[in-house]
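Source file: target26.pdb. Holds: PDB, C-alpha atoms.
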ATOM      1  CA  MET S 218      34.754 -13.118   7.241
ATOM      2  CA  ALA S 219      36.859 -15.138   4.850
ATOM      3  CA  ASP S 220      33.968 -17.466   4.017
ATOM      4  CA  GLY S 221      31.383 -14.814   3.411
ATOM      5  CA  PRO S 222      30.757 -11.933   1.092
ATOM      6  CA  ARG S 223      32.354  -8.560   1.605
ATOM      7  CA  MET S 224      30.120  -6.643   3.991
ATOM      8  CA  THR S 225      29.511  -3.491   2.025
ATOM      9  CA  GLU S 226      26.603  -1.197   2.798
ATOM     10  CA  HIS S 227      24.705  -2.654  -0.157
ATOM     11  CA  THR S 228      25.275  -6.197   1.046
ATOM     12  CA  ARG S 229      24.029  -5.255   4.499
ATOM     13  CA  THR S 230      20.938  -3.624   3.015
ATOM     14  CA  VAL S 231      20.128  -6.703   0.947
ATOM     15  CA  LEU S 232      20.715  -9.028   3.895
ATOM     16  CA  LYS S 233      18.413  -6.953   6.079
ATOM     17  CA  ALA S 234      15.688  -7.234   3.448
ATOM     18  CA  LEU S 235      16.208 -10.997   3.110
ATOM     19  CA  LEU S 236      16.012 -11.360   6.884
ATOM     20  CA  GLY S 237      12.872  -9.217   6.948
ATOM     21  CA  ARG S 238      14.409  -6.727   9.339
ATOM     22  CA  GLY S 239      12.520  -3.490   9.720
ATOM     23  CA  THR S 240       9.202  -5.176   8.939
ATOM     24  CA  ASP S 241       6.509  -6.698  11.131
ATOM     25  CA  ALA S 242       6.602 -10.277  12.384
ATOM     26  CA  GLU S 243       4.339 -11.548   9.616
ATOM     27  CA  HIS S 244       6.503 -10.141   6.817
ATOM     28  CA  ARG S 245       9.633 -11.342   8.564
ATOM     29  CA  ALA S 246       8.285 -14.887   8.755
ATOM     30  CA  ALA S 247       7.254 -14.750   5.087
ATOM     31  CA  ALA S 248      10.684 -13.448   4.059
ATOM     32  CA  LEU S 249      12.410 -16.304   5.888
ATOM     33  CA  ASP S 250       9.956 -18.970   4.776
ATOM     34  CA  ILE S 251       8.914 -18.063   1.243
ATOM     35  CA  GLY S 252      11.614 -15.580   0.354
ATOM     36  CA  VAL S 253      11.301 -12.277  -1.422
ATOM     37  CA  TYR S 254      10.466 -11.670  -5.067
ATOM     38  CA  GLY S 255      13.320  -9.904  -6.854
ATOM     39  CA  LEU S 256      11.247  -6.882  -7.824
ATOM     40  CA  GLU S 257       9.940  -6.561  -4.279
ATOM     41  CA  LEU S 258      13.507  -6.745  -3.052
ATOM     42  CA  ALA S 259      14.503  -3.907  -5.388
ATOM     43  CA  ARG S 260      11.638  -1.800  -4.034
ATOM     44  CA  GLN S 261      12.379  -2.599  -0.407
ATOM     45  CA  THR S 262      16.089  -1.927  -0.588
ATOM     46  CA  GLU S 263      15.733   1.008  -3.005
ATOM     47  CA  LEU S 264      18.938  -0.158  -4.629
ATOM     48  CA  PRO S 265      19.346   0.187  -8.386
ATOM     49  CA  ASN S 266      18.821  -3.203  -9.981
ATOM     50  CA  GLY S 267      22.317  -3.004 -11.461
ATOM     51  CA  THR S 268      23.631  -3.019  -7.895
ATOM     52  CA  LEU S 269      21.133  -5.400  -6.377
ATOM     53  CA  PHE S 270      21.538  -8.400  -8.664
ATOM     54  CA  PRO S 271      25.334  -8.678  -8.473
ATOM     55  CA  VAL S 272      25.019  -8.533  -4.661
ATOM     56  CA  LEU S 273      22.375 -11.250  -4.748
ATOM     57  CA  GLU S 274      24.514 -13.340  -7.069
ATOM     58  CA  ARG S 275      27.446 -13.072  -4.639
ATOM     59  CA  LEU S 276      25.230 -14.092  -1.735
ATOM     60  CA  VAL S 277      23.948 -17.078  -3.705
ATOM     61  CA  GLN S 278      27.467 -18.153  -4.666
ATOM     62  CA  HIS S 279      28.601 -17.887  -1.048
ATOM     63  CA  GLY S 280      25.657 -20.060  -0.006
ATOM     64  CA  TRP S 281      24.082 -17.323   2.097
ATOM     65  CA  ALA S 282      21.028 -17.061  -0.128
ATOM     66  CA  GLU S 283      19.197 -19.347  -2.496
ATOM     67  CA  ARG S 284      16.759 -18.685  -5.278
ATOM     68  CA  TYR S 285      13.935 -20.703  -6.710
ATOM     69  CA  TRP S 286      11.234 -20.439  -9.306
ATOM     70  CA  GLU S 287       7.660 -20.333  -8.168
ATOM     71  CA  LYS S 288       5.391 -23.137  -9.311
ATOM     72  CA  ASP S 289       4.107 -22.903 -12.859
ATOM     73  CA  GLU S 290       0.500 -23.406 -11.763
ATOM     74  CA  SER S 291       0.330 -20.301  -9.596
ATOM     75  CA  ALA S 292       1.866 -18.180 -12.357
ATOM     76  CA  GLU S 293      -0.477 -19.639 -14.967
ATOM     77  CA  ALA S 294      -3.475 -19.075 -12.735
ATOM     78  CA  GLU S 295      -2.637 -15.379 -12.645
ATOM     79  CA  GLY S 296      -1.657 -15.280 -16.312
ATOM     80  CA  ARG S 297       1.862 -13.955 -15.876
ATOM     81  CA  PRO S 298       5.412 -15.274 -16.204
ATOM     82  CA  ARG S 299       6.661 -17.265 -13.235
ATOM     83  CA  ARG S 300       8.614 -15.371 -10.607
ATOM     84  CA  ARG S 301      11.950 -16.041  -9.033
ATOM     85  CA  TYR S 302      12.220 -15.725  -5.283
ATOM     86  CA  TYR S 303      15.316 -15.107  -3.186
ATOM     87  CA  ARG S 304      15.519 -16.632   0.263
ATOM     88  CA  ILE S 305      18.215 -16.599   2.896
ATOM     89  CA  THR S 306      19.642 -20.011   3.787
ATOM     90  CA  SER S 307      20.014 -21.220   7.371
ATOM     91  CA  LYS S 308      23.769 -20.720   7.121
ATOM     92  CA  GLY S 309      23.219 -17.243   5.718
ATOM     93  CA  ALA S 310      20.692 -16.343   8.384
ATOM     94  CA  GLU S 311      23.114 -17.267  11.120
ATOM     95  CA  LEU S 312      26.171 -15.580   9.660
ATOM     96  CA  ALA S 313      24.284 -12.554   8.360
ATOM     97  CA  ALA S 314      22.688 -11.880  11.733
ATOM     98  CA  HIS S 315      26.134 -11.996  13.322
ATOM     99  CA  ALA S 316      27.672  -9.764  10.653
ATOM    100  CA  LEU S 317      24.851  -7.248  10.790
ATOM    101  CA  ASP S 318      24.940  -7.016  14.568
ATOM    102  CA  SER S 319      28.700  -6.520  14.760
ATOM    103  CA  GLN S 320      29.618  -2.874  14.482
ATOM    104  CA  VAL S 321      33.074  -3.479  13.063
ATOM    105  CA  PRO S 322      33.391  -1.513   9.825
ATOM    106  CA  GLN S 323      33.975  -3.876   6.941
ATOM    107  CA  THR S 324      34.986  -1.416   4.284
ATOM    108  CA  ILE S 325      37.521   1.360   4.028
ATOM    109  CA  SER S 326      34.861   4.010   3.554
ATOM    110  CA  ALA S 327      32.932   2.743   6.580
ATOM    111  CA  ALA S 328      36.134   2.722   8.656
ATOM    112  CA  ARG S 329      36.968   6.278   7.535
ATOM    113  CA  ALA S 330      33.489   7.416   8.468
ATOM    114  CA  ALA S 331      33.823   5.756  11.866
ATOM    115  CA  VAL S 332      37.126   7.411  12.757
ATOM    116  CA  ALA S 333      36.435  10.812  11.195
ATOM    117  CA  PRO S 334      34.940  12.344  14.355
ATOM    118  CA  LEU S 335      37.947  11.183  16.391
ATOM    119  CA  ARG S 336      40.541  12.842  14.201
ATOM    120  CA  PRO S 337      41.938  16.140  15.428
ATOM    121  CA  ARG S 338      40.905  19.007  13.222
ATOM    122  CA  THR S 339      43.834  20.670  11.517
ATOM    123  CA  THR S 340      43.713  24.225  10.329
ATOM    124  CA  GLY S 341      45.854  25.788   7.716
ATOM    125  CA  GLY S 342      48.470  23.905   5.766
ATOM    126  CA  ALA S 343      52.171  23.598   5.242
ATOM    127  CA  ARG S 344      53.844  26.816   4.262
TER     128      ARG S 344
ATOM    129  CA  MET E 287     -41.586 -27.886  -1.971
ATOM    130  CA  ARG E 288     -38.923 -25.851  -0.381
ATOM    131  CA  ARG E 289     -39.140 -23.287   2.350
ATOM    132  CA  MET E 290     -37.347 -20.004   1.989
ATOM    133  CA  PRO E 291     -36.522 -17.517   4.692
ATOM    134  CA  ASN E 292     -38.606 -14.409   5.084
ATOM    135  CA  ARG E 293     -38.557 -12.188   2.073
ATOM    136  CA  PRO E 294     -36.965  -8.795   2.094
ATOM    137  CA  ARG E 295     -38.750  -5.946   3.800
ATOM    138  CA  HIS E 296     -40.021  -4.379   0.644
ATOM    139  CA  ARG E 297     -42.398  -7.297   0.156
ATOM    140  CA  GLU E 298     -43.839  -7.063   3.649
ATOM    141  CA  ARG E 299     -44.784  -3.437   3.432
ATOM    142  CA  GLY E 300     -47.652  -4.359   1.180
ATOM    143  CA  ALA E 301     -45.856  -3.416  -1.954
ATOM    144  CA  GLN E 302     -47.278  -4.250  -5.303
ATOM    145  CA  THR E 303     -47.497  -7.950  -6.085
ATOM    146  CA  PRO E 304     -45.079  -8.758  -8.861
ATOM    147  CA  ALA E 305     -46.616  -9.488 -12.182
ATOM    148  CA  ARG E 306     -46.754 -13.119 -13.213
ATOM    149  CA  PRO E 307     -44.694 -14.134 -16.204
ATOM    150  CA  GLY E 308     -46.453 -13.424 -19.398
ATOM    151  CA  GLU E 309     -48.680 -10.805 -17.834
ATOM    152  CA  PRO E 310     -48.207  -7.141 -18.625
ATOM    153  CA  ALA E 311     -46.457  -5.484 -15.699
ATOM    154  CA  SER E 312     -46.354  -1.893 -14.637
ATOM    155  CA  GLN E 313     -42.923  -0.296 -14.312
ATOM    156  CA  SER E 314     -42.841  -0.552 -10.520
ATOM    157  CA  GLY E 315     -44.234  -4.089 -10.716
ATOM    158  CA  ALA E 316     -41.418  -5.072 -13.045
ATOM    159  CA  ALA E 317     -38.848  -3.602 -10.680
ATOM    160  CA  GLU E 318     -40.415  -5.548  -7.851
ATOM    161  CA  TYR E 319     -40.306  -8.677  -9.936
ATOM    162  CA  ILE E 320     -36.629  -8.212 -10.710
ATOM    163  CA  LYS E 321     -35.931  -7.783  -6.992
ATOM    164  CA  ASP E 322     -37.762 -11.064  -6.368
ATOM    165  CA  ILE E 323     -35.652 -12.914  -8.862
ATOM    166  CA  GLU E 324     -32.459 -11.400  -7.509
ATOM    167  CA  PHE E 325     -33.507 -12.526  -4.046
ATOM    168  CA  ARG E 326     -34.177 -16.006  -5.291
ATOM    169  CA  LEU E 327     -30.862 -16.189  -7.075
ATOM    170  CA  LYS E 328     -29.138 -15.122  -3.898
ATOM    171  CA  PHE E 329     -30.968 -17.812  -1.985
ATOM    172  CA  PHE E 330     -30.321 -20.623  -4.428
ATOM    173  CA  GLY E 331     -26.830 -19.615  -5.330
ATOM    174  CA  ASP E 332     -25.286 -21.944  -7.857
ATOM    175  CA  GLU E 333     -28.272 -24.267  -7.833
ATOM    176  CA  ALA E 334     -30.239 -21.598  -9.651
ATOM    177  CA  ASP E 335     -28.424 -22.500 -12.838
ATOM    178  CA  ASP E 336     -29.513 -26.125 -12.829
ATOM    179  CA  ARG E 337     -32.995 -26.255 -11.405
ATOM    180  CA  PRO E 338     -36.185 -24.967 -12.949
ATOM    181  CA  LEU E 339     -37.218 -21.827 -11.164
ATOM    182  CA  PRO E 340     -40.410 -22.372  -9.234
ATOM    183  CA  HIS E 341     -43.211 -19.926  -8.914
ATOM    184  CA  ILE E 342     -43.521 -18.131  -5.602
ATOM    185  CA  THR E 343     -46.606 -18.121  -3.405
ATOM    186  CA  THR E 344     -46.800 -16.684   0.074
ATOM    187  CA  HIS E 345     -48.440 -18.205   3.144
ATOM    188  CA  ALA E 346     -48.718 -17.134   6.716
ATOM    189  CA  ASN E 347     -47.870 -19.656   9.398
ATOM    190  CA  THR E 348     -49.319 -19.727  12.900
ATOM    191  CA  ASN E 349     -46.870 -17.096  14.030
ATOM    192  CA  HIS E 350     -48.149 -14.810  11.274
ATOM    193  CA  ASP E 351     -44.757 -14.771   9.657
ATOM    194  CA  ASN E 352     -44.838 -14.566   5.945
ATOM    195  CA  LEU E 353     -43.309 -17.733   4.568
ATOM    196  CA  ILE E 354     -42.524 -18.288   0.971
ATOM    197  CA  MET E 355     -43.564 -21.647  -0.385
ATOM    198  CA  LEU E 356     -42.079 -22.593  -3.695
ATOM    199  CA  SER E 357     -43.682 -24.878  -6.201
ATOM    200  CA  SER E 358     -42.487 -25.847  -9.638
ATOM    201  CA  ASP E 359     -45.410 -24.240 -11.504
ATOM    202  CA  ASP E 360     -44.632 -22.083 -14.478
ATOM    203  CA  ALA E 361     -40.976 -23.019 -14.226
ATOM    204  CA  ARG E 362     -40.304 -22.608 -17.920
ATOM    205  CA  ALA E 363     -42.031 -19.280 -18.076
ATOM    206  CA  MET E 364     -40.002 -18.075 -15.132
ATOM    207  CA  GLU E 365     -36.810 -19.248 -16.721
ATOM    208  CA  ALA E 366     -37.655 -17.411 -19.909
ATOM    209  CA  GLU E 367     -38.388 -14.311 -17.883
ATOM    210  CA  LEU E 368     -35.160 -14.696 -15.973
ATOM    211  CA  ALA E 369     -33.195 -15.084 -19.177
ATOM    212  CA  LYS E 370     -34.442 -11.642 -20.249
ATOM    213  CA  ILE E 371     -33.110  -9.903 -17.185
ATOM    214  CA  SER E 372     -30.137 -12.070 -16.370
ATOM    215  CA  VAL E 373     -26.864 -10.310 -15.903
ATOM    216  CA  PRO E 374     -23.821 -12.060 -17.332
ATOM    217  CA  LEU E 375     -22.051 -13.707 -14.422
ATOM    218  CA  SER E 376     -18.766 -14.314 -16.219
ATOM    219  CA  PRO E 377     -15.858 -12.403 -14.687
ATOM    220  CA  GLN E 378     -14.555  -9.284 -16.359
ATOM    221  CA  PRO E 379     -11.862 -10.094 -18.887
ATOM    222  CA  ASP E 380      -8.363  -9.504 -17.587
ATOM    223  CA  PRO E 381      -6.610  -6.378 -18.787
ATOM    224  CA  PRO E 382      -4.286  -7.159 -21.672
ATOM    225  CA  ALA E 383      -0.766  -8.114 -20.645
ATOM    226  CA  PRO E 384       1.744  -5.307 -21.206
ATOM    227  CA  ASP E 385       3.744  -5.509 -24.402
ATOM    228  CA  ILE E 386       7.254  -6.111 -23.119
ATOM    229  CA  GLU E 387       8.764  -7.523 -26.290
ATOM    230  CA  ARG E 388      10.682  -4.380 -27.181
ATOM    231  CA  GLU E 389      12.347  -4.125 -23.764
ATOM    232  CA  ALA E 390      12.874  -7.879 -23.628
ATOM    233  CA  GLY E 391      14.644  -7.543 -26.994
ATOM    234  CA  TYR E 392      17.239  -5.238 -25.425
ATOM    235  CA  LEU E 393      17.751  -7.776 -22.663
ATOM    236  CA  ARG E 394      18.179 -10.580 -25.190
ATOM    237  CA  ILE E 395      21.008  -8.641 -26.811
ATOM    238  CA  ALA E 396      22.599  -7.929 -23.412
ATOM    239  CA  ALA E 397      22.223 -11.585 -22.451
ATOM    240  CA  ALA E 398      24.938 -12.466 -24.952
ATOM    241  CA  LEU E 399      27.423 -11.475 -22.222
ATOM    242  CA  ILE E 400      25.903 -13.817 -19.634
ATOM    243  CA  PRO E 401      27.426 -17.303 -19.511
ATOM    244  CA  ARG E 402      25.357 -19.743 -21.514
ATOM    245  CA  LYS E 403      24.311 -21.882 -18.528
ATOM    246  CA  ASP E 404      22.779 -18.899 -16.733
ATOM    247  CA  ARG E 405      21.409 -17.070 -19.758
ATOM    248  CA  GLY E 406      17.984 -18.665 -20.017
ATOM    249  CA  ASP E 407      17.129 -18.240 -16.340
ATOM    250  CA  TRP E 408      18.444 -14.693 -16.289
ATOM    251  CA  LEU E 409      16.319 -13.717 -19.268
ATOM    252  CA  GLU E 410      13.214 -15.365 -17.869
ATOM    253  CA  GLU E 411      13.722 -13.707 -14.505
ATOM    254  CA  HIS E 412      14.015 -10.249 -15.999
ATOM    255  CA  ARG E 413      11.083 -10.832 -18.335
ATOM    256  CA  SER E 414       8.968 -11.476 -15.248
ATOM    257  CA  TYR E 415      10.105  -8.162 -13.762
ATOM    258  CA  LEU E 416       9.281  -6.351 -16.978
ATOM    259  CA  ALA E 417       5.838  -7.927 -17.005
ATOM    260  CA  ASP E 418       5.215  -6.645 -13.473
ATOM    261  CA  LEU E 419       6.336  -3.083 -14.139
ATOM    262  CA  ASP E 420       3.599  -0.632 -14.981
ATOM    263  CA  GLY E 421       4.655   1.675 -17.763
ATOM    264  CA  ARG E 422       7.079   1.631 -20.648
ATOM    265  CA  ARG E 423       9.183   4.284 -18.924
ATOM    266  CA  GLU E 424       9.570   2.111 -15.828
ATOM    267  CA  ARG E 425      10.461  -0.876 -17.965
ATOM    268  CA  LEU E 426      13.074   1.062 -19.897
ATOM    269  CA  ASN E 427      14.521   2.304 -16.589
ATOM    270  CA  TRP E 428      14.737  -1.295 -15.476
ATOM    271  CA  VAL E 429      16.544  -2.317 -18.648
ATOM    272  CA  PHE E 430      18.902   0.643 -18.284
ATOM    273  CA  GLY E 431      19.684  -0.385 -14.680
ATOM    274  CA  VAL E 432      20.307  -3.955 -15.777
ATOM    275  CA  LEU E 433      22.702  -2.794 -18.486
ATOM    276  CA  ARG E 434      24.602  -0.607 -16.027
ATOM    277  CA  GLY E 435      25.007  -3.503 -13.594
ATOM    278  CA  LEU E 436      25.805  -6.067 -16.243
ATOM    279  CA  PRO E 437      29.629  -5.840 -16.044
ATOM    280  CA  ALA E 438      29.536  -6.485 -12.280
ATOM    281  CA  LEU E 439      27.087  -9.344 -12.699
ATOM    282  CA  VAL E 440      29.041 -10.950 -15.520
ATOM    283  CA  THR E 441      32.231 -10.700 -13.459
ATOM    284  CA  VAL E 442      30.572 -12.512 -10.561
ATOM    285  CA  LEU E 443      29.084 -15.133 -12.860
ATOM    286  CA  ARG E 444      32.315 -15.773 -14.739
ATOM    287  CA  PHE E 445      34.943 -15.422 -12.013
ATOM    288  CA  GLY E 446      33.073 -16.141  -8.788
ATOM    289  CA  PRO E 447      31.970 -13.957  -5.911
ATOM    290  CA  ARG E 448      35.418 -12.788  -4.833
ATOM    291  CA  SER E 449      36.990  -9.621  -6.174
ATOM    292  CA  ARG E 450      40.283  -9.759  -8.081
ATOM    293  CA  LYS E 451      42.167  -8.588  -4.975
ATOM    294  CA  GLU E 452      40.523 -11.273  -2.816
ATOM    295  CA  ARG E 453      41.287 -13.949  -5.396
ATOM    296  CA  ALA E 454      44.935 -12.917  -5.467
TER     297      ALA E 454
END
Target format structure tokens, applied to this file:
Amino acid sequence: MADGPRMTEHTRTVLKALLGRGTDAEHRAAALDIGVYGLELARQTELPNGTLFPVLERLVQHGWAERYWEKDESAEAEGRPRRRYYRITSKGAELAAHALDSQVPQTISAARAAVAPLRPRTTGGAR
Amino acid sequence: MRRMPNRPRHRERGAQTPARPGEPASQSGAAEYIKDIEFRLKFFGDEADDRPLPHITTHANTNHDNLIMLSSDDARAMEAELAKISVPLSPQPDPPAPDIEREAGYLRIAAALIPRKDRGDWLEEHRSYLADLDGRRERLNWVFGVLRGLPALVTVLRFGPRSRKERA
């Protein structure tokens, strides 16, 4: 995964939201086509915004996601500031799907959690 | 002359004939009259604004259906009458936009850390989030979250997406 972002739990959560996983077909198509508004993304992922935006920035810099401003007219029609949408790129969609489906732990904490049940339990300590 | 569809049921049950414009009307007659005008407005839709309102007369055709035949008699009187009872059709004014200037001020100060090329977009983006959040408490929480995540964001913006260890 040298070309992609580090696959932390937060990154996986954000990628799932950008791919529209866990939603119905209509929302999934909208997420892939239109993208997701940043605030909506924060609500969907339930990540603190201080965590979410650095993750999004990394994804954008790796070329896995892109962001764009909505058209001025639609914002003006509703009398609010224009919104910025985040959308997964075709490269990101391909690589993210692969990364999300692989069960290989990508972080130390995830690896520890994966092997913890396999470790023999030790009782007592050195005397 | 223009033919209208059958009138609402309340007219066919032999209810009181609505009073003509300018004539004194009983209370129930006035209510009936208002219903008539509402019905006509519904029928004409937007045209009702432009055309003189015709007076209504009723006729029975060979099938004994009550048909409404409209003529342009008393148009001005009807318009004057309509003006008295007209309901403003303009949409309700939008609720005032939330005052986000205070919270946006905190962000402006924090934005000093963001590289200049990204600063404007970053500020505008977060202003839009503030505008979409409901209460002041929520907005302040948002600002607080942004401030907590700012070091990580600035690091990514200034040094790229890779961590120091990955860069080495």
Q) Could you work out how far CA of Asp250 (chain S) lies from CA of Leu317 (chain S), giving the answer in Å with one decimal? A)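 Between CA of Leu317 (chain S) and CA of Asp250 (chain S) the gap is 19.9 Å.
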Q.
As an exercise, work out the distance from CA of Ile400 (chain E) to CA of Val440 (chain E) in Å and give it to one decimal place.
A.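 Separation of CA of Ile400 (chain E) and CA of Val440 (chain E): 5.9 Å.
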**Q.** Output of the ChimeraX specification (/E :<8) & /S, listed as a list of chain:residue names
**A.** S:Pro222, S:Gly255, S:Leu256, S:Pro265, S:Asn266, S:Gly267, S:Thr268, S:Phe270, S:Pro271, S:Glu274, S:Arg275, S:Leu276, S:Gln278, S:His279, S:Arg297, S:Pro298, S:Arg299, S:Arg300, S:Arg301
Q: Please indicate the distance in Å from CA of Pro401 (chain E) to CA of Phe445 (chain E), rounded to one decimal place.
A: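 We find that CA of Pro401 (chain E) and CA of Phe445 (chain E) lie 10.8 Å from each other.
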